[in-house]
There are 2 protein chains.
Amino acid sequence: MDTGTVNTREQGEQVDRQSRILEAALELLSRHGISGVSMRAVAREAGVALGLVNYYYEDKSSLIRAALHSVDKHDLALVAQDPGLSPEEQLRNALRRVAGPELLTTRYLSLRLHLWALARADEDFALINAAAFDRYLDGLAALIGNARPELSAKECRERAADIVVVQNGMWLTALLGVDKESIRRSIARTEEIAFAA
Amino acid sequence: MDTGTVNTREQGEQVDRQSRILEAALELLSRHGISGVSMRAVAREAGVALGLVNYYYEDKSSLIRAALHSVDKHDLALVAQDPGLSPEEQLRNALRRVAGPELLTTRYLSLRLHLWALARADEDFALINAAAFDRYLDGLAALIGNARPELSAKECRERAADIVVVQNGMWLTALLGVDKESIRRSIARTEEIAFAA
DNA sequence: GTGCAAGTTGAACGAGTGTTCAATAGGAAA
DNA sequence: TTTCCTATTGAACACTCGTTCAACTTGCAC
């Protein structure tokens, strides 16, 4: 592949089929859970023949693993540092982002939930997930450390852990349809934890 | 069935087969997720012939529904009132129970997670789950109301919602192996919310 | 043009799925 | 004993699953 040449059939949304297959898998996983993700269903959703799914992803578990990595990468970006802002603003933005409109969609939350459930059932996925969780915790602790330089690394990590508990609760509870006001108050609670004196 | 007569084969743990089938389904669901729960696997785990599973549960989804109800009943008991204690103690006990050794086991948490994921994939399960969630919220709000009679029903409900966010977060994060100290601090946080002036 | 490699297709295979059902066992009632 | 209903079994059915593979198309290098 990537010989540097341009695909001739690149009209409209017909980008490369591999991404469309991955996207289809994410969509099906979010909507119907793992039991809705069959190779045939993925092929159908992506508008592609069955064989092509196994061409780009040798296994079904390779496909799911790719989906997991894709979501993990997305999660990690939430706590990435942004040099254009003050440390306090970076932290506050990161904390508010988790209740932003891009995150608090059914599609994303449902996807996250199904991936967590998957990680409980498969040890390989569990390891990937745990590593991503650790990196997220590190990222959040770093943001806290920048905004509150007087805190020790251990204290930052503790606050990050406490915040993640509330954030995970928000994600999960949002799926059950808890009212928006409770989400707002929970966001405020994460800020209290982060900025506490 | 229940003619009032005693089963002759009631030696040891050989109680009625229907409960053993349900128990097997719960065990498999907790360990391997929904894709590990096949009628055959349930029969094997329960030490029973395949046909018997469909004899007691006409459908696979009836079986899963029974599992859901069983867990929901268990959850609701967490916020049941206990006339032998003062309202404050009842509330405090309920809040601490969610981090108790019976609850914070991998088996229970994993089961809960898989049921949540299942509810996202199947609308019937979602309705059952949402109803159970509401009853749990009501129970918790009632405990708060008893302990803090000066609060309005609306305020109780709000506090209950905020507490549930943290509790759900604890459950979920406990599965990812967050340290026990963070769980302890989160419990304290739920108590702060409940008893705040 | 010919050659070649990557991309793409769908049929085929064996394994596993949920469900049905005729057959059997067991114990209480007659 | 015979009768009858419940409990229990496992074979059988039609179906879906993940995976493999031979065939075919496409586009670039020569």
# chains A, B, ... in the order shown; residues from 1 in each chain; ligands from 1

call {"tool": "closest_atom_pairs", "arguments": {"of": "chain D", "to": "chain A", "cutoff": "9 Å", "atoms": "only C-alpha atoms (C1' of nucleotides)", "output": "Markdown table"}}
result
| residue | atom | partner | partner_atom | distance |
| --- | --- | --- | --- | --- |
| D:DC17 | C1' | A:Ser38 | CA | 7.6 |
| D:DG18 | C1' | A:Met39 | CA | 7.4 |
| D:DT19 | C1' | A:Asn54 | CA | 8.1 |
| D:DG27 | C1' | A:Thr8 | CA | 8.8 |

call {"tool": "closest_atom_pairs", "arguments": {"of": "chain C", "to": "chain B", "cutoff": "10 Å", "atoms": "only C-alpha atoms (C1' of nucleotides)", "output": "Markdown table"}}
result
| residue | atom | partner | partner_atom | distance |
| --- | --- | --- | --- | --- |
| C:DG16 | C1' | B:Ser38 | CA | 9.6 |
| C:DT17 | C1' | B:Ser38 | CA | 7.6 |
| C:DG18 | C1' | B:Met39 | CA | 7.5 |
| C:DT19 | C1' | B:Asn54 | CA | 8.1 |
| C:DT20 | C1' | B:Gly51 | CA | 9.4 |
| C:DC21 | C1' | B:Gly51 | CA | 9.8 |
| C:DG27 | C1' | B:Thr8 | CA | 9.3 |

call {"tool": "write_last_selection", "arguments": {"atoms": "C-alpha atoms (C1' of nucleotides)", "output": "short mmCIF file (atom, residue, chain, number, x, y, z; two decimals), in the first residue's frame"}}
result
data_model
loop_
_atom_site.label_atom_id
_atom_site.label_comp_id
_atom_site.auth_asym_id
_atom_site.auth_seq_id
_atom_site.Cartn_x
_atom_site.Cartn_y
_atom_site.Cartn_z
"C1'" DG C 16 -21.17 -23.58 17.72
"C1'" DT C 17 -25.76 -21.41 18.44
"C1'" DG C 18 -31.01 -21.45 20.28
"C1'" DT C 19 -34.93 -24.13 20.02
"C1'" DT C 20 -37.94 -28.21 19.52
"C1'" DC C 21 -39.44 -32.62 20.70
"C1'" DG C 27 -43.39 -40.36 42.47
#

call {"tool": "interface_residues", "arguments": {"of": "chain B", "to": "chain A", "cutoff": "7 Å", "atoms": "only C-alpha atoms", "output": "list in words"}}
result
Arg31, His32, Gly33, Ser35, Ser110, Leu113, His114, Ala117, Arg120, Ala121, Ala130, Ala161, Asp162, Val165, Val166, Gln167, Asn168, Gly169, Met170, Leu172, Thr173, Leu176, Ser182 and Ser186 of chain B

call {"tool": "write_last_selection", "arguments": {"atoms": "C-alpha atoms", "output": "PDB file, in the first residue's frame"}}
result
ATOM      1  CA  ARG B  31     -16.914 -14.422  34.350  1.00  0.00           C
ATOM      2  CA  HIS B  32     -17.175 -14.323  30.567  1.00  0.00           C
ATOM      3  CA  GLY B  33     -19.833 -11.790  29.661  1.00  0.00           C
ATOM      4  CA  SER B  35     -20.972 -14.213  24.833  1.00  0.00           C
ATOM      5  CA  SER B 110     -18.325  -7.744  36.899  1.00  0.00           C
ATOM      6  CA  LEU B 113     -21.031  -4.232  34.457  1.00  0.00           C
ATOM      7  CA  HIS B 114     -22.127  -6.926  32.030  1.00  0.00           C
ATOM      8  CA  ALA B 117     -23.719  -3.354  28.893  1.00  0.00           C
ATOM      9  CA  ARG B 120     -27.426  -0.783  26.342  1.00  0.00           C
ATOM     10  CA  ALA B 121     -27.812  -3.417  23.651  1.00  0.00           C
ATOM     11  CA  ALA B 130     -33.941   1.968  34.439  1.00  0.00           C
ATOM     12  CA  ALA B 161     -28.487  11.353  42.498  1.00  0.00           C
ATOM     13  CA  ASP B 162     -25.124  12.910  43.336  1.00  0.00           C
ATOM     14  CA  VAL B 165     -22.774   9.086  40.568  1.00  0.00           C
ATOM     15  CA  VAL B 166     -19.923   8.589  43.008  1.00  0.00           C
ATOM     16  CA  GLN B 167     -21.050   5.074  43.886  1.00  0.00           C
ATOM     17  CA  ASN B 168     -21.262   4.005  40.284  1.00  0.00           C
ATOM     18  CA  GLY B 169     -17.831   5.459  39.770  1.00  0.00           C
ATOM     19  CA  MET B 170     -16.490   3.443  42.686  1.00  0.00           C
ATOM     20  CA  LEU B 172     -16.620   0.785  37.918  1.00  0.00           C
ATOM     21  CA  THR B 173     -13.212   2.005  38.980  1.00  0.00           C
ATOM     22  CA  LEU B 176      -9.977  -1.380  36.975  1.00  0.00           C
ATOM     23  CA  SER B 182      -9.262   6.081  46.808  1.00  0.00           C
ATOM     24  CA  SER B 186     -14.876   8.252  47.834  1.00  0.00           C
TER      25      SER B 186
END

call {"tool": "atom_distance", "arguments": {"atom1": "CA of Ile128 in chain B", "atom2": "CA of Arg44 in chain B"}}
result
27.9 Å
